[in-house]
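Reproduced below: start.txt, with compact mmCIF, C-alpha atoms.
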```
# COMPACT_ATOMS: atom_id res chain seq x y z
CA MET S 1 123.77 -24.59 171.19
CA GLN S 2 122.50 -26.52 168.18
CA MET S 3 119.13 -25.94 166.55
CA GLY S 4 117.41 -28.98 168.01
CA ASP S 5 118.43 -28.46 171.62
CA ALA S 6 115.88 -27.22 174.13
CA ALA S 7 116.64 -23.76 175.39
CA GLU S 8 117.90 -23.80 178.95
CA ASP S 9 115.58 -22.04 181.42
CA PHE S 10 118.07 -19.75 183.15
CA ILE S 11 115.45 -17.71 185.01
CA SER S 12 113.71 -20.69 186.64
CA ASN S 13 117.05 -21.96 187.91
CA LEU S 14 118.01 -18.73 189.63
CA PRO S 15 118.35 -18.86 193.44
CA GLN S 16 115.07 -18.43 195.31
CA SER S 17 116.25 -15.18 196.89
CA ILE S 18 116.79 -13.61 193.44
CA LEU S 19 113.46 -14.90 192.13
CA GLU S 20 111.71 -13.43 195.15
CA ASN S 21 113.46 -10.11 194.55
CA ILE S 22 112.14 -10.11 190.97
CA LEU S 23 108.59 -11.12 191.94
CA THR S 24 108.47 -8.55 194.75
CA ARG S 25 109.04 -5.78 192.20
CA LEU S 26 105.97 -6.87 190.21
CA PRO S 27 102.39 -5.88 191.06
CA ILE S 28 100.92 -8.67 193.18
CA GLY S 29 98.45 -9.61 190.42
CA ASP S 30 101.31 -10.16 187.95
CA ALA S 31 103.36 -12.04 190.54
CA VAL S 32 100.50 -14.46 191.22
CA GLY S 33 99.94 -14.72 187.45
CA THR S 34 103.39 -16.30 186.99
CA CYS S 35 101.85 -19.55 188.28
CA ILE S 36 100.68 -20.33 184.71
CA LEU S 37 104.18 -20.14 183.20
CA SER S 38 105.15 -23.72 184.03
CA SER S 39 104.91 -26.32 186.77
CA LYS S 40 108.15 -24.93 188.26
CA TRP S 41 106.54 -21.52 188.61
CA ARG S 42 103.21 -22.65 190.01
CA TYR S 43 104.05 -21.78 193.61
CA LYS S 44 107.10 -19.53 193.20
CA TRP S 45 105.03 -16.50 194.25
CA ALA S 46 103.60 -18.32 197.28
CA THR S 47 106.73 -17.83 199.37
CA LEU S 48 106.93 -14.04 198.89
CA THR S 49 107.53 -12.35 202.22
CA GLN S 50 106.13 -9.00 200.98
CA LEU S 51 102.51 -8.75 199.82
CA VAL S 52 101.17 -5.40 198.55
CA PHE S 53 97.51 -5.25 197.51
CA ASP S 54 95.72 -2.32 195.85
CA GLU S 55 92.78 -1.73 193.49
CA ASN S 56 94.88 -2.85 190.52
CA CYS S 57 94.71 -6.44 191.76
CA VAL S 58 91.29 -6.92 190.17
CA PRO S 59 89.30 -5.41 187.26
CA ILE S 60 87.79 -2.05 188.24
CA SER S 61 84.23 -0.93 187.49
CA ASN S 62 81.90 1.85 188.63
CA ASP S 63 79.94 -0.64 190.73
CA ARG S 64 81.71 -0.87 194.09
CA VAL S 65 80.11 -4.13 195.29
CA PRO S 66 81.54 -6.53 192.65
CA VAL S 67 84.95 -4.84 192.91
CA GLU S 68 84.93 -5.32 196.68
CA LYS S 69 83.92 -8.98 196.33
CA SER S 70 86.64 -9.63 193.74
CA LEU S 71 89.27 -7.94 195.90
CA VAL S 72 88.28 -9.88 199.02
CA LYS S 73 88.31 -13.14 197.07
CA PHE S 74 91.73 -12.41 195.54
CA ILE S 75 93.39 -11.50 198.86
CA THR S 76 91.81 -14.43 200.72
CA HIS S 77 92.93 -16.83 197.97
CA ALA S 78 96.48 -15.41 198.01
CA LEU S 79 96.79 -15.78 201.79
CA PHE S 80 95.28 -19.29 201.71
CA LEU S 81 97.90 -20.50 199.22
CA HIS S 82 100.79 -18.63 200.80
CA GLN S 83 103.63 -20.62 202.35
CA GLY S 84 106.02 -19.40 205.03
CA PRO S 85 106.36 -16.08 206.85
CA ILE S 86 104.87 -12.76 205.66
CA HIS S 87 107.06 -9.85 206.72
CA LYS S 88 105.14 -7.09 204.94
CA PHE S 89 101.42 -6.76 204.25
CA GLN S 90 100.06 -3.61 202.63
CA LEU S 91 96.44 -3.00 201.66
CA SER S 92 95.78 0.38 200.00
CA THR S 93 92.43 0.72 198.25
CA VAL S 94 89.40 3.02 198.18
CA HIS S 95 87.20 0.10 197.10
CA LEU S 96 87.32 -1.75 200.40
CA GLN S 97 85.87 -0.62 203.70
CA SER S 98 85.29 -2.30 207.04
CA CYS S 99 84.49 -6.00 206.58
CA PRO S 100 84.93 -9.22 208.64
CA ASP S 101 87.43 -10.61 206.13
CA ILE S 102 90.03 -8.05 207.18
CA ASP S 103 89.84 -9.36 210.76
CA GLN S 104 90.58 -12.86 209.46
CA TRP S 105 93.50 -11.63 207.37
CA LEU S 106 95.02 -9.86 210.37
CA LEU S 107 94.59 -12.94 212.53
CA PHE S 108 96.42 -14.95 209.86
CA LEU S 109 99.17 -12.34 209.64
CA SER S 110 99.60 -12.22 213.41
CA ARG S 111 100.60 -15.88 213.24
CA ASN S 112 103.00 -15.42 210.32
CA ASP S 113 105.78 -13.18 211.59
CA ILE S 114 104.33 -9.92 210.26
CA ARG S 115 106.77 -7.00 210.58
CA GLU S 116 105.33 -4.24 208.38
CA LEU S 117 101.60 -3.56 208.23
CA VAL S 118 99.89 -0.83 206.19
CA LEU S 119 96.08 -0.54 206.12
CA GLU S 120 94.62 2.26 204.00
CA LEU S 121 90.91 1.71 203.37
CA GLY S 122 88.22 3.75 201.62
CA GLU S 123 85.80 6.31 203.01
CA GLY S 124 82.67 5.07 204.77
CA GLU S 125 82.34 2.84 207.80
CA TRP S 126 85.60 2.91 209.72
CA PHE S 127 87.43 -0.33 210.33
CA ARG S 128 87.94 -1.32 213.97
CA VAL S 129 91.38 -2.81 214.52
CA PRO S 130 90.98 -6.33 216.03
CA SER S 131 92.75 -7.30 219.22
CA CYS S 132 94.98 -9.81 217.40
CA LEU S 133 96.98 -6.89 215.96
CA PHE S 134 98.30 -6.10 219.42
CA ASN S 135 99.87 -9.56 219.57
CA CYS S 136 102.19 -8.76 216.65
CA ARG S 137 105.27 -8.29 218.78
CA LYS S 138 107.69 -8.24 215.84
CA LEU S 139 106.09 -5.25 214.10
CA THR S 140 108.66 -2.68 212.97
CA ARG S 141 106.32 -0.50 210.89
CA LEU S 142 102.62 0.25 211.42
CA GLU S 143 100.51 2.58 209.25
CA LEU S 144 96.76 2.89 209.80
CA PHE S 145 94.33 5.14 207.90
CA ARG S 146 90.70 5.84 208.78
CA CYS S 147 90.14 3.26 211.48
CA GLU S 148 89.37 2.83 215.19
CA PHE S 149 92.33 1.91 217.35
CA ASP S 150 91.65 0.73 220.89
CA PRO S 151 94.52 -1.14 222.60
CA PRO S 152 93.39 -3.68 225.23
CA LEU S 153 94.32 -3.11 228.86
CA THR S 154 96.79 -6.00 228.67
CA PHE S 155 98.72 -4.39 225.79
CA THR S 156 102.32 -3.62 226.75
CA GLY S 157 103.53 -2.10 223.48
CA PHE S 158 105.37 -3.08 220.31
CA PRO S 159 108.96 -3.71 221.43
CA CYS S 160 110.38 -3.69 217.86
CA LEU S 161 108.31 -0.88 216.31
CA ARG S 162 110.42 1.79 214.56
CA SER S 163 107.83 3.61 212.42
CA LEU S 164 104.27 4.59 213.40
CA ASN S 165 101.85 6.48 211.13
CA LEU S 166 98.27 7.14 212.28
CA HIS S 167 96.09 9.10 209.84
CA GLN S 168 92.48 9.92 210.74
CA VAL S 169 92.49 7.30 213.48
CA LEU S 170 89.94 7.31 216.31
CA VAL S 171 91.90 6.68 219.48
CA ALA S 172 91.86 8.01 223.03
CA PRO S 173 94.59 10.63 223.72
CA GLU S 174 95.95 8.66 226.66
CA ALA S 175 96.16 5.57 224.44
CA ILE S 176 98.36 7.44 221.94
CA GLU S 177 100.77 8.59 224.62
CA SER S 178 100.88 5.12 226.13
CA LEU S 179 101.48 3.56 222.71
CA ILE S 180 104.34 5.95 221.91
CA SER S 181 106.05 5.48 225.27
CA SER S 182 105.72 1.69 225.08
CA CYS S 183 107.62 1.47 221.78
CA PRO S 184 111.23 1.85 222.98
CA LEU S 185 112.78 1.69 219.48
CA LEU S 186 110.41 4.17 217.79
CA GLU S 187 112.30 6.37 215.31
CA SER S 188 109.56 7.82 213.08
CA LEU S 189 106.17 9.14 214.24
CA SER S 190 103.42 10.66 212.09
CA LEU S 191 100.05 11.73 213.52
CA SER S 192 97.60 13.54 211.24
CA TYR S 193 94.02 14.79 211.38
CA PHE S 194 93.48 14.57 215.12
CA ASP S 195 91.04 16.83 216.98
CA SER S 196 91.72 18.78 220.22
CA LEU S 197 94.65 16.59 221.14
CA ASP S 198 96.77 17.31 224.20
CA LEU S 199 99.94 15.44 223.32
CA ASN S 200 102.93 14.55 225.46
CA ILE S 201 105.66 12.63 223.61
CA CYS S 202 108.22 10.49 225.39
CA ALA S 203 110.31 8.65 222.77
CA PRO S 204 114.06 8.63 223.49
CA LYS S 205 114.95 7.08 220.08
CA LEU S 206 112.66 9.29 217.95
CA LYS S 207 114.33 10.93 214.93
CA TYR S 208 111.47 11.98 212.64
CA LEU S 209 108.24 13.67 213.74
CA TYR S 210 105.25 14.82 211.67
CA LEU S 211 102.16 16.28 213.36
CA GLU S 212 99.06 17.70 211.67
CA GLY S 213 95.73 18.55 213.28
CA GLU S 214 94.04 20.45 216.09
CA PHE S 215 96.41 20.35 219.06
CA LYS S 216 95.60 21.91 222.40
CA ASP S 217 99.11 21.31 223.60
CA ILE S 218 102.32 19.61 222.48
CA HIS S 219 105.12 18.71 224.82
CA LEU S 220 108.23 16.89 223.61
CA GLU S 221 109.15 15.53 227.00
CA SER S 222 111.93 13.21 225.89
CA THR S 223 113.05 13.34 222.24
CA PRO S 224 116.80 14.05 222.48
CA LEU S 225 117.68 12.40 219.13
CA LEU S 226 115.09 14.19 216.98
CA VAL S 227 116.58 15.35 213.66
CA SER S 228 113.50 16.34 211.62
CA MET S 229 110.25 17.95 212.75
CA SER S 230 107.22 19.08 210.73
CA ILE S 231 104.15 20.49 212.50
CA ALA S 232 100.90 21.89 211.07
CA MET S 233 98.36 23.18 213.57
CA TYR S 234 94.72 24.02 212.92
CA MET S 235 92.84 26.48 215.08
CA THR S 236 89.32 26.36 216.52
CA ASP S 237 87.67 28.85 218.88
CA ASP S 238 88.09 26.44 221.81
CA ILE S 239 91.79 25.92 221.10
CA ALA S 240 92.35 29.67 220.61
CA GLU S 241 90.77 30.30 224.03
CA HIS S 242 92.93 27.56 225.54
CA PHE S 243 96.02 29.22 224.04
CA GLU S 244 95.12 32.60 225.54
CA GLN S 245 94.84 31.09 229.02
CA SER S 246 98.19 29.29 228.79
CA SER S 247 101.14 30.72 230.73
CA SER S 248 103.81 28.06 230.18
CA CYS S 249 106.52 28.64 227.57
CA ASN S 250 105.48 26.68 224.49
CA PHE S 251 108.78 27.39 222.76
CA LEU S 252 110.70 25.40 225.33
CA LYS S 253 108.05 22.66 225.55
CA ILE S 254 108.59 21.86 221.86
CA LEU S 255 112.11 23.04 221.08
CA GLY S 256 113.81 23.02 224.47
CA GLY S 257 115.07 19.45 224.29
CA VAL S 258 116.00 18.78 220.64
CA PRO S 259 119.74 19.56 220.41
CA HIS S 260 120.27 17.37 217.32
CA LEU S 261 117.52 18.90 215.19
CA GLU S 262 118.58 19.28 211.53
CA LYS S 263 115.34 20.35 209.82
CA LEU S 264 112.35 22.24 211.19
CA VAL S 265 109.15 22.90 209.24
CA GLY S 266 106.33 24.84 210.89
CA TYR S 267 103.08 25.38 209.05
CA ILE S 268 99.98 27.38 209.91
CA TYR S 269 99.80 28.65 213.53
CA PHE S 270 103.10 27.02 214.48
CA THR S 271 104.95 30.27 215.25
CA LYS S 272 101.79 31.54 216.95
CA TYR S 273 101.83 28.49 219.22
CA LEU S 274 105.55 28.88 219.98
CA SER S 275 105.01 32.53 220.93
CA ILE S 276 102.52 31.70 223.71
CA GLY S 277 103.70 31.90 227.28
CA ASP S 278 106.54 33.67 229.01
CA ASP S 279 109.49 34.77 226.89
CA PRO S 280 112.35 32.37 227.64
CA GLY S 281 114.90 35.12 227.09
CA ARG S 282 118.30 33.64 226.40
CA LEU S 283 117.67 30.07 225.24
CA PRO S 284 119.23 27.23 227.22
CA ILE S 285 119.97 25.40 223.96
CA THR S 286 121.91 26.01 220.76
CA TYR S 287 120.82 24.24 217.58
CA ASN S 288 124.26 23.43 216.22
CA HIS S 289 122.93 20.82 213.77
CA LEU S 290 119.96 22.80 212.41
CA LYS S 291 120.50 23.35 208.68
CA VAL S 292 117.00 24.05 207.30
CA ILE S 293 114.17 26.14 208.79
CA GLU S 294 110.80 26.63 207.09
CA LEU S 295 108.18 28.76 208.82
CA TYR S 296 104.88 29.42 207.07
CA GLN S 297 102.28 32.14 207.70
CA VAL S 298 104.28 34.15 210.20
CA SER S 299 102.35 37.19 211.45
CA PHE S 300 104.65 40.21 211.23
CA GLU S 301 102.34 42.43 213.26
CA ASP S 302 102.74 40.13 216.27
CA MET S 303 105.97 41.03 218.07
CA LYS S 304 105.97 37.71 219.94
CA GLU S 305 105.94 35.75 216.69
CA ILE S 306 108.76 37.87 215.31
CA LEU S 307 110.70 37.20 218.49
CA VAL S 308 110.20 33.45 217.97
CA VAL S 309 111.76 33.75 214.52
CA ILE S 310 114.72 35.73 215.87
CA ARG S 311 115.30 33.38 218.81
CA LEU S 312 115.28 30.42 216.47
CA ILE S 313 117.58 31.67 213.72
CA THR S 314 120.10 33.40 216.01
CA ASN S 315 120.50 30.17 217.97
CA SER S 316 121.17 28.17 214.80
CA PRO S 317 124.80 29.02 213.95
CA ASN S 318 125.05 26.49 211.10
CA LEU S 319 121.81 27.38 209.33
CA LYS S 320 122.05 26.93 205.54
CA GLU S 321 118.49 27.44 204.25
CA LEU S 322 115.70 29.66 205.56
CA HIS S 323 112.18 29.88 204.15
CA ILE S 324 109.62 32.22 205.71
CA SER S 325 106.17 33.10 204.41
CA GLY S 326 104.22 36.04 205.76
CA SER S 327 100.62 36.26 206.88
CA SER S 328 100.13 39.81 208.02
CA ASN S 329 97.14 42.02 208.51
CA THR S 330 98.62 44.67 206.23
CA LEU S 331 97.04 47.71 207.84
CA ALA S 332 98.10 46.64 211.32
CA ALA S 333 101.56 45.62 210.18
CA ILE S 334 102.22 48.87 208.32
CA GLU S 335 101.64 50.78 211.54
CA ALA S 336 103.87 48.37 213.46
CA PRO S 337 105.65 50.15 216.33
CA ASP S 338 108.91 49.22 218.06
CA LEU S 339 111.24 49.18 215.08
CA ASP S 340 114.05 49.75 217.59
CA PHE S 341 113.16 46.25 218.75
CA TRP S 342 115.58 44.90 216.09
CA GLU S 343 118.54 46.70 217.66
CA LYS S 344 117.57 45.45 221.12
CA GLU S 345 116.99 41.82 220.17
CA CYS S 346 119.55 41.28 217.38
CA HIS S 347 123.11 41.42 218.62
CA ALA S 348 125.64 43.27 216.49
CA ASP S 349 128.03 40.32 216.53
CA CYS S 350 125.40 37.90 215.15
CA SER S 351 126.56 36.18 211.97
CA PHE S 352 124.99 33.46 209.83
CA LYS S 353 128.24 32.00 208.58
CA GLN S 354 126.65 29.06 206.71
CA LEU S 355 123.45 30.65 205.37
CA LYS S 356 123.36 30.49 201.56
CA LEU S 357 119.66 30.52 200.62
CA VAL S 358 116.78 32.63 201.93
CA LYS S 359 113.26 32.44 200.52
CA MET S 360 110.68 35.00 201.62
CA THR S 361 107.20 34.38 200.22
CA ASP S 362 103.82 36.12 200.56
CA ILE S 363 105.65 39.29 201.59
CA SER S 364 103.67 42.52 201.93
CA GLY S 365 106.62 44.88 202.34
CA VAL S 366 105.55 45.91 205.84
CA PRO S 367 108.23 47.34 208.20
CA HIS S 368 109.05 44.24 210.24
CA GLU S 369 109.29 42.04 207.13
CA MET S 370 111.75 44.48 205.59
CA GLU S 371 113.72 44.71 208.84
CA LEU S 372 114.11 40.94 208.87
CA ILE S 373 115.36 40.96 205.26
CA LYS S 374 117.76 43.78 206.13
CA PHE S 375 119.03 41.89 209.17
CA LEU S 376 119.64 38.71 207.16
CA LEU S 377 121.41 40.50 204.30
CA SER S 378 123.75 42.38 206.63
CA ASN S 379 124.70 39.33 208.69
CA SER S 380 125.10 36.53 206.12
CA PRO S 381 128.63 36.65 204.68
CA VAL S 382 128.23 33.65 202.34
CA LEU S 383 124.65 34.28 201.24
CA GLU S 384 124.07 33.45 197.57
CA ILE S 385 120.34 33.96 196.99
CA MET S 386 117.71 36.09 198.69
CA SER S 387 114.45 35.20 196.92
CA ILE S 388 111.45 37.44 197.59
CA THR S 389 107.91 36.74 196.39
CA PRO S 390 105.34 39.45 197.27
CA CYS S 391 101.69 38.76 198.10
CA THR S 392 99.36 38.69 195.13
CA PHE S 393 97.44 41.71 196.43
CA VAL S 394 100.58 43.82 196.78
CA THR S 395 100.67 46.12 193.75
CA GLU S 396 101.48 49.74 194.55
CA ARG S 397 104.16 48.91 197.14
CA LYS S 398 106.23 46.68 194.84
CA VAL S 399 108.30 49.56 193.51
CA ASN S 400 108.94 50.89 197.03
CA MET S 401 109.94 47.39 198.15
CA LEU S 402 112.46 47.12 195.32
CA ILE S 403 113.94 50.56 196.05
CA GLU S 404 114.31 49.68 199.71
CA LEU S 405 115.82 46.26 198.95
CA VAL S 406 118.61 47.58 196.72
CA ARG S 407 119.65 50.03 199.44
CA PHE S 408 120.21 47.31 202.05
CA ILE S 409 123.82 46.50 202.92
CA ARG S 410 124.90 42.98 201.91
CA ALA S 411 127.58 41.19 203.90
CA SER S 412 128.09 38.76 201.05
CA PRO S 413 129.57 40.05 197.76
CA ARG S 414 127.85 37.11 196.00
CA ALA S 415 124.38 37.77 197.40
CA GLU S 416 121.78 38.02 194.66
CA ILE S 417 118.30 39.40 195.32
CA ILE S 418 115.66 37.72 193.17
CA PHE S 419 112.29 39.47 193.12
CA ILE S 420 109.61 37.07 191.88
CA GLN S 421 106.31 38.46 190.66
CA ASN S 422 103.38 36.03 190.39
```

Please render this file's structure as structure tokens.
Amino acid sequence: MQMGDAAEDFISNLPQSILENILTRLPIGDAVGTCILSSKWRYKWATLTQLVFDENCVPISNDRVPVEKSLVKFITHALFLHQGPIHKFQLSTVHLQSCPDIDQWLLFLSRNDIRELVLELGEGEWFRVPSCLFNCRKLTRLELFRCEFDPPLTFTGFPCLRSLNLHQVLVAPEAIESLISSCPLLESLSLSYFDSLDLNICAPKLKYLYLEGEFKDIHLESTPLLVSMSIAMYMTDDIAEHFEQSSSCNFLKILGGVPHLEKLVGYIYFTKYLSIGDDPGRLPITYNHLKVIELYQVSFEDMKEILVVIRLITNSPNLKELHISGSSNTLAAIEAPDLDFWEKECHADCSFKQLKLVKMTDISGVPHEMELIKFLLSNSPVLEIMSITPCTFVTERKVNMLIELVRFIRASPRAEIIFIQN
């Protein structure tokens, strides 16, 4: 190229698909700002199929009203100038609450082939989802935060939906169950911050499940393909009373029909919930694919909860990682009876042939905790690390715990016990 020649604009001449890929990776404000580069670039951004808006779209100040007005104006202007289909629309901002403009945006999106929709608005007046959303038959992903969700009677489901995330959403329990069952391709489901929910899930294609909130009951009626489950349960007096009156086997209602499960995470009250009802005895299922189990705040003075742990791990022959945290009433757990329970419930031929990592946290050194550690050490031939973190209030018993730990038989010559002091 000689000095007088005009430089060739390689970027502007790239294929539209590559330009869109570049613009999609920019914040929406910067993508729209490319319109001032040249006449060729004036409407390059206008055909983007993915639009992601947040508070960085406009200048931020401490006064919410002008920020809200600027944000509404920017989004409305962007949609007005947009050309072609919009496959993804995401609005995540604390500066915008319920307003009529959102209804208009959703109406526009419902007519433009929307496939992924994420609405995460600020605290305050909750946004009521307009009826036009339920006409978006091509939706594959739907995430709603802090809003009211009321499907019309004529709604027959989202036939293409694969991912559903409802966080702090006001919706009738029967509407949730109906929504889940009317999405035949649903693979990922996340429900969080729900109150006193009695939930029955029928989703034959479901693979990933996350539940958090106050649940009176959970029944996985049809989830045969589930591979990952994470459940956090909060307890109220009403729910605790409901639990005490229950006679059905909760263990089987949640874990009786998930043969392909690979990862299980149970937070507060999860093992308590599983322990309610009649003991299933020998389980009708083996978790051959289960590799990782995490159980938090297990009560080691409750024999039923301990039995849940044993049933679960002894029916997971390919388990590789186990993490258990304790939550024991120390005085009650120290006096725990039935230590011969371990010989009765744990078969001599039990072997964790794949287990390499065990993490025990918030451990008090009470008898049943130590028996579990002993059981795992003596039946894990390839174990590499047994990590133990005592409770912060455990002081005097630490030395006794260490003495007891070093005396336990280890099936694995490579097993290393790591004692972590906070």

Original post:
Taking only C-alpha atoms into account, which of S:Cys147, S:Val258, S:Ile385, S:Leu402 comes nearest Gln168 in chain S?
Top reply: S:Cys147

**OP:** Excluding Lys291 in chain S and residues on its chain fewer than 6 positions from it, collect all residues at most 7 Å away from it, counting only C-alpha atoms, and give them as number ranges by chain.
**Re:** S: 262-263, 318-321

Original post:
Pick the closest to Phe352 in chain S from S:Asn288, S:Ser325, S:Pro130, S:Trp45: which is it, counting all atoms listed in the file?
Top reply: S:Asn288

Original post:
Near Ile418 in chain S, within 10 Å and counting all atoms listed in the file, which residues show up once chain neighbours fewer than 2 positions away are dropped, as a PyMOL selection string?
Top reply: chain S and resi 359+385-389+415-416+420-421

Original post:
Between CA of Leu189 in chain S and CA of Leu164 in chain S, what is the spacing in Å?
Top reply: 5.0 Å

Original post:
Mind pulling up the distance from CA of Asn200 in chain S to CA of Leu220 in chain S?
Top reply: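 Going from CA of Leu220 in chain S over to CA of Asn200 in chain S covers 6.1 Å.
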
**OP:** Quick one: everything within 9 Å of Glu55 in chain S, counting all atoms listed in the file, minus sequence neighbours fewer than 2 positions away in the same chain. Send it as a ChimeraX atom specification.
**Re:** /S:53,57-60,67,71,92-96

**OP:** Would you mind reading off the distance between CA of Leu91 in chain S and CA of Glu174 in chain S, one decimal, in Å?
**Re:**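 Computed distance, CA of Leu91 in chain S to CA of Glu174 in chain S, equals 27.6 Å.
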
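Across S:Leu357, S:Gly266, S:Glu371, S:Ser327, the tightest approach to Ile310 in chain S is made by S:Glu371 when counting all atoms listed in the file.
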
**OP:** Do a neighbour search on Leu226 in chain S at 12 Å with all atoms listed in the file, toss out local chain neighbours closer than 3 positions, and write the hits as number ranges by chain.
**Re:** S: 186-189, 201-210, 220-223, 229-230, 254-264, 287, 289-290

Complete range 167-181 of chain S with N, CA and C atoms (output as a PDB file, in the coordinates of the input).
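The resulting file, selection11.pdb, is shown below:
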```
ATOM      1  N   HIS S 167      96.736   8.058 210.621  1.00  0.00           N
ATOM      2  CA  HIS S 167      96.090   9.100 209.840  1.00  0.00           C
ATOM      3  C   HIS S 167      94.580   8.954 209.952  1.00  0.00           C
ATOM      4  N   GLN S 168      93.920   9.971 210.512  1.00  0.00           N
ATOM      5  CA  GLN S 168      92.480   9.920 210.740  1.00  0.00           C
ATOM      6  C   GLN S 168      92.101   8.652 211.519  1.00  0.00           C
ATOM      7  N   VAL S 169      92.735   8.482 212.644  1.00  0.00           N
ATOM      8  CA  VAL S 169      92.490   7.300 213.480  1.00  0.00           C
ATOM      9  C   VAL S 169      91.766   7.734 214.753  1.00  0.00           C
ATOM     10  N   LEU S 170      90.681   7.036 215.073  1.00  0.00           N
ATOM     11  CA  LEU S 170      89.940   7.310 216.310  1.00  0.00           C
ATOM     12  C   LEU S 170      90.607   6.558 217.450  1.00  0.00           C
ATOM     13  N   VAL S 171      91.186   7.289 218.368  1.00  0.00           N
ATOM     14  CA  VAL S 171      91.900   6.680 219.480  1.00  0.00           C
ATOM     15  C   VAL S 171      91.915   7.671 220.640  1.00  0.00           C
ATOM     16  N   ALA S 172      91.836   7.152 221.841  1.00  0.00           N
ATOM     17  CA  ALA S 172      91.860   8.010 223.030  1.00  0.00           C
ATOM     18  C   ALA S 172      93.242   8.647 223.174  1.00  0.00           C
ATOM     19  N   PRO S 173      93.297   9.943 223.570  1.00  0.00           N
ATOM     20  CA  PRO S 173      94.590  10.630 223.720  1.00  0.00           C
ATOM     21  C   PRO S 173      95.563   9.896 224.629  1.00  0.00           C
ATOM     22  N   GLU S 174      95.057   9.371 225.748  1.00  0.00           N
ATOM     23  CA  GLU S 174      95.950   8.660 226.660  1.00  0.00           C
ATOM     24  C   GLU S 174      96.489   7.373 226.042  1.00  0.00           C
ATOM     25  N   ALA S 175      95.702   6.788 225.116  1.00  0.00           N
ATOM     26  CA  ALA S 175      96.160   5.570 224.440  1.00  0.00           C
ATOM     27  C   ALA S 175      97.309   5.874 223.486  1.00  0.00           C
ATOM     28  N   ILE S 176      97.265   7.052 222.840  1.00  0.00           N
ATOM     29  CA  ILE S 176      98.360   7.440 221.940  1.00  0.00           C
ATOM     30  C   ILE S 176      99.652   7.627 222.722  1.00  0.00           C
ATOM     31  N   GLU S 177      99.566   8.354 223.818  1.00  0.00           N
ATOM     32  CA  GLU S 177     100.770   8.590 224.620  1.00  0.00           C
ATOM     33  C   GLU S 177     101.333   7.289 225.171  1.00  0.00           C
ATOM     34  N   SER S 178     100.441   6.410 225.604  1.00  0.00           N
ATOM     35  CA  SER S 178     100.880   5.120 226.130  1.00  0.00           C
ATOM     36  C   SER S 178     101.526   4.282 225.044  1.00  0.00           C
ATOM     37  N   LEU S 179     100.926   4.314 223.834  1.00  0.00           N
ATOM     38  CA  LEU S 179     101.480   3.560 222.710  1.00  0.00           C
ATOM     39  C   LEU S 179     102.881   4.052 222.373  1.00  0.00           C
ATOM     40  N   ILE S 180     103.040   5.376 222.276  1.00  0.00           N
ATOM     41  CA  ILE S 180     104.340   5.950 221.910  1.00  0.00           C
ATOM     42  C   ILE S 180     105.408   5.585 222.951  1.00  0.00           C
ATOM     43  N   SER S 181     105.069   5.741 224.213  1.00  0.00           N
ATOM     44  CA  SER S 181     106.050   5.480 225.270  1.00  0.00           C
ATOM     45  C   SER S 181     106.368   4.002 225.438  1.00  0.00           C
TER      46      SER S 181
END
```
